[in-house]
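K.L.:
Encoded as structure tokens, here's the structure I'll be asking about.
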Amino acid sequence: MTEKDFIPLPYSHEHSEGKVTYKSPSNIALVKYWGKKEHQIPANPSISFTLDACATTTTIAYKKLENPTPNFSFDLWFEGKPKETFKPKIEIFFKRIEKYLPFLKEYHFVIETSNSFPHSSGIASSASGMSALALCLMHIEKERMPSMEKDFFTKKASFLARLGSGSACRSIEGDLVQWGHHENTVGSSNLYGIKYPYSVHSVFNNYHDTILLVDKGQKKVSSSVGHDLMHQHPFAKNRFVQAHENLTKLRTVFAQGDLKKFIEIVESEALTLHAMMMTSLPYFVLMKPETLQIINKIWDFRASSGANICFTLDAGANVHVLYPAAEKEEIITFIKNELVVYCENGQYICDRIGFGAKKM
Ligand code: DP6
């Protein structure tokens with residue numbers, strides 16, 4: 001498919017008003033997306049576990065305007081209060097997707113959104129937020145085009161979410177979602193995420209992710225700035241090749257349930273992401289001393305216990321601790337006894353693999 005396939009033909013139906021709610025999860029990348037081209041095209045393919053507990057719920061109430069306006073017409077509420085500061089981001093998103101949803105200026109929208117996780121947790125809400133918004137808008141489009149197939153609906157929701165925030169396209173459908181063209185993955189695309197199409201060993205069912213909130217403050221360097229710095233980056237070319245190779249390796253790892261190899265790839269990806277940050281110009285460090293303390297504790301514990309525990313990081317100081325459901329008791333005890341002390345105010349979130357967004 002190409003971008004053009006997402007530009008609709010004239011709609012068959014009219015719809016004057018309505019309301020829709022979607023709950024969309026966050027995701028945690030195993031192979032990281034870091035670096036992008038124009039129009040939110042990723043510089044390399046990535047894959048993520050969809051989360052379950054960390055989610056955004058968004059409701060859009062929409063009403064046809066008497067006359068279409070030259071600007072987008074919407075109100076934005078966040079956790080029960082008007083939130084003017086979020087509006088420019090939505091405005092940019094609407095501008096990017098208007099070509100694909102030509103009805104946007106015909107309606108007034110009241111957007112109400114809330115997160116399941118505390119807002120100053122340092123957890124990025126762009127993936128869950130943008131995917132929830134994209135799904136609500138797709139619902140409105142489907143009302144105007146009832147013959148739309150489910151598969152197209154899902155692809156276009158992911159396509160639109162990507163234009164809001166790259167990683168958001170991995171939060172629509174599936175427990176394991178791949179985004180970005182990869183030579184060894186059938187159906188993979190730079191335009192949208194797909195459900196991982198190959199076999200996955202049962203050891204990955206219900207995989208756990210305990211998120212240790214090390215630093216709940218605002219990030220010093222945004223993801224957009226970080227992605228941009230990959231353009232002149234001395235190691236970018238090799239990094240992009242490595243991401244392709246890691247995805248190829250993961251195919252066997254997922255099929256065989258090879259946790260040792262899984263751990264090696266996932267931790268290497270996390271550290272490579274941060275190594276890219278540390279070696280760009282300007283360079284920056286998002287890890288905190290506590291992040292490194294946690295990593296070292298995990299390594300010590302793994303060496304002494306043989307547990308299949310590992311970590312990954314996103315663009316921040318928080319640590320995602322990943323482990324199989326079968327080892328939950330032992331690992332949660334370790335986390336509580338030895339890692340929670342490094343969390344800001346002792347806060348952490350127990351999450352696990354989920355299956356994607358839901359209409360409420
Ligand atoms: C480190 O999706 O937040 O979490 O496309 O600019 O919105 P934009 O970036 P974003 O980048 C996420 C980067 C990451 C890795 C990942 O999720 O793959």
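Quick note on naming: the chains in the structure tokens go A, B, ... in the order shown, residues restart at 1 in each chain, and ligands are numbered from 1 in order of appearance.
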Within 9 Å of ligand 1, which residues of chain A come that close, and what is the closest atom pair and distance in Å for each? Count only C-alpha atoms and all ligand atoms and give it as a Markdown table.
P.N.:
| residue | atom | partner | partner_atom_place_in_ligand_line | distance |
| --- | --- | --- | --- | --- |
| A:Asn27 | CA | ligand 1 | 17 (O) | 7.2 |
| A:Ile28 | CA | ligand 1 | 17 (O) | 6.1 |
| A:Ala29 | CA | ligand 1 | 18 (O) | 4.7 |
| A:Leu30 | CA | ligand 1 | 18 (O) | 7.5 |
| A:Val31 | CA | ligand 1 | 18 (O) | 6.6 |
| A:Lys32 | CA | ligand 1 | 18 (O) | 3.9 |
| A:Tyr33 | CA | ligand 1 | 18 (O) | 3.6 |
| A:Trp34 | CA | ligand 1 | 13 (C) | 5.6 |
| A:Gly35 | CA | ligand 1 | 11 (O) | 8.5 |
| A:Lys36 | CA | ligand 1 | 5 (O) | 7.6 |
| A:Gln40 | CA | ligand 1 | 5 (O) | 6.2 |
| A:Ile41 | CA | ligand 1 | 5 (O) | 8.7 |
| A:Pro42 | CA | ligand 1 | 5 (O) | 8.2 |
| A:Pro45 | CA | ligand 1 | 18 (O) | 8.8 |
| A:Ser46 | CA | ligand 1 | 18 (O) | 6.0 |
| A:Ile47 | CA | ligand 1 | 18 (O) | 7.2 |
| A:Ser48 | CA | ligand 1 | 18 (O) | 7.2 |
| A:Ala124 | CA | ligand 1 | 3 (O) | 7.1 |
| A:Ser125 | CA | ligand 1 | 3 (O) | 8.6 |
| A:Ser126 | CA | ligand 1 | 3 (O) | 6.3 |
| A:Ala127 | CA | ligand 1 | 2 (O) | 6.4 |
| A:Arg162 | CA | ligand 1 | 5 (O) | 7.0 |
| A:Leu163 | CA | ligand 1 | 5 (O) | 7.6 |
| A:Gly164 | CA | ligand 1 | 7 (O) | 6.5 |
| A:Ser165 | CA | ligand 1 | 7 (O) | 3.3 |
| A:Gly166 | CA | ligand 1 | 5 (O) | 3.4 |
| A:Ser167 | CA | ligand 1 | 2 (O) | 3.6 |
| A:Ala168 | CA | ligand 1 | 2 (O) | 6.2 |
| A:Cys169 | CA | ligand 1 | 2 (O) | 8.5 |
| A:Arg170 | CA | ligand 1 | 17 (O) | 8.6 |
| A:Ser222 | CA | ligand 1 | 3 (O) | 8.1 |
| A:Ser223 | CA | ligand 1 | 9 (O) | 5.2 |
| A:Ser224 | CA | ligand 1 | 6 (O) | 4.2 |
| A:Val225 | CA | ligand 1 | 6 (O) | 7.9 |
| A:Gly226 | CA | ligand 1 | 6 (O) | 8.3 |
| A:His227 | CA | ligand 1 | 6 (O) | 6.6 |
| A:Asp228 | CA | ligand 1 | 6 (O) | 8.7 |
| A:Ala270 | CA | ligand 1 | 1 (C) | 8.6 |
| A:Leu273 | CA | ligand 1 | 1 (C) | 7.0 |
| A:His274 | CA | ligand 1 | 1 (C) | 8.8 |
| A:Leu313 | CA | ligand 1 | 1 (C) | 7.6 |
| A:Asp314 | CA | ligand 1 | 1 (C) | 4.4 |
| A:Ala315 | CA | ligand 1 | 1 (C) | 4.3 |
| A:Gly316 | CA | ligand 1 | 1 (C) | 7.9 |
K.L.:
Among segment 129-329 of chain A, which ones does DSSP place in helix (DSSP H, G or I), written as an NGL selection string?
P.N.:
:A and (129-144 or 150-164 or 166-170 or 202-204 or 223-228 or 236-256 or 259-278 or 289-305 or 325-329)
K.L.:
Report the residues of segment 134-326 of chain A whose backbone DSSP state falls under strand (DSSP E or B), written as a list in words.
P.N.:
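DSSP on the backbone gives strand (DSSP E or B) at Glu173, Leu176, Val177, Gln178, Trp179, Gly193, Ile194, Lys195, His208, Asp209, Thr210, Ile211, Leu212, Cys310, Phe311, Thr312, Leu313, Val319, His320, Val321, Leu322 and Tyr323 of chain A.
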K.L.:
Compare A:Gly217, A:Pro68, A:Pro282, A:Pro25 by their minimum atom-to-atom distance to Glu344 of chain A, counting only C-alpha atoms, and give me the closest one.
P.N.:
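Under the stated criterion, the closest residue is A:Gly217.
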K.L.:
What separation in Å, quoted to one decimal, exists between atom CA of Pro234 of chain A and atom CA of Thr272 of chain A?
P.N.:
13.5 Å
K.L.:
Would you kindly return, as a list in words, each protein, DNA or RNA residue with an atom no farther than 10 Å from any atom of Glu112 of chain A, considering only C-alpha atoms and excluding same-chain residues fewer than 6 positions away?
P.N.:
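Surrounding residues, per the criterion: Thr21, Thr57, Thr58, Thr59, Ile60, Ala61, Asp75, Leu76, Trp77, Phe78, Glu79, Gly80, Lys81, Pro82, Lys83 and Leu133 of chain A.
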K.L.:
Pick out the residues sitting within 10 Å of Arg239 of chain A, and hand them over as a PyMOL selection string; count only C-alpha atoms, and ignore anything fewer than 2 positions along from it in its own chain.
P.N.:
chain A and resi 34-35+43-44+230+233-237+241-245+269+272-273+276
K.L.:
From the options A:His108, A:Phe6, A:Ile263, A:Glu330, which residue's atoms come nearest to Met138 of chain A, counting only C-alpha atoms?
P.N.:
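Nearest to Met138 of chain A: A:Phe6.
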K.L.:
Quick one: of A:Tyr107, A:Phe355, A:Ile331, A:Asp215, who's nearest to Glu290 of chain A, counting only C-alpha atoms?
P.N.:
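The shortest atom-to-atom distance to Glu290 of chain A comes from A:Asp215.
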K.L.:
So which residues touch Arg302 of chain A within 12 Å, counting only C-alpha atoms, skipping near sequence neighbours fewer than 3 positions away, as a PyMOL selection string?
P.N.:
chain A and resi 260+263+295-299+305-311+323+327+330-331+334
K.L.:
Taking only C-alpha atoms into account, name the residue in A:Ser26, A:Phe93, A:Asn71, A:Tyr62 that is nearest to His39 of chain A.
P.N.:
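Going through A:Ser26, A:Phe93, A:Asn71, A:Tyr62 one by one, the smallest distance to His39 of chain A is for A:Phe93.
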K.L.:
Can you measure atom CA of Leu213 of chain A to atom CA of Lys336 of chain A for me? One decimal in Å is fine.
P.N.:
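Separation between atom CA of Leu213 of chain A and atom CA of Lys336 of chain A: 13.0 Å.
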K.L.:
Excluding Tyr342 of chain A and its own-chain neighbours fewer than 5 positions away, which residues fall within 12 Å of it when counting only C-alpha atoms? Please give them as an MDAnalysis selection string.
P.N.:
chainID A and resid 211:215 288:295 297 317:319 335:337 347:348
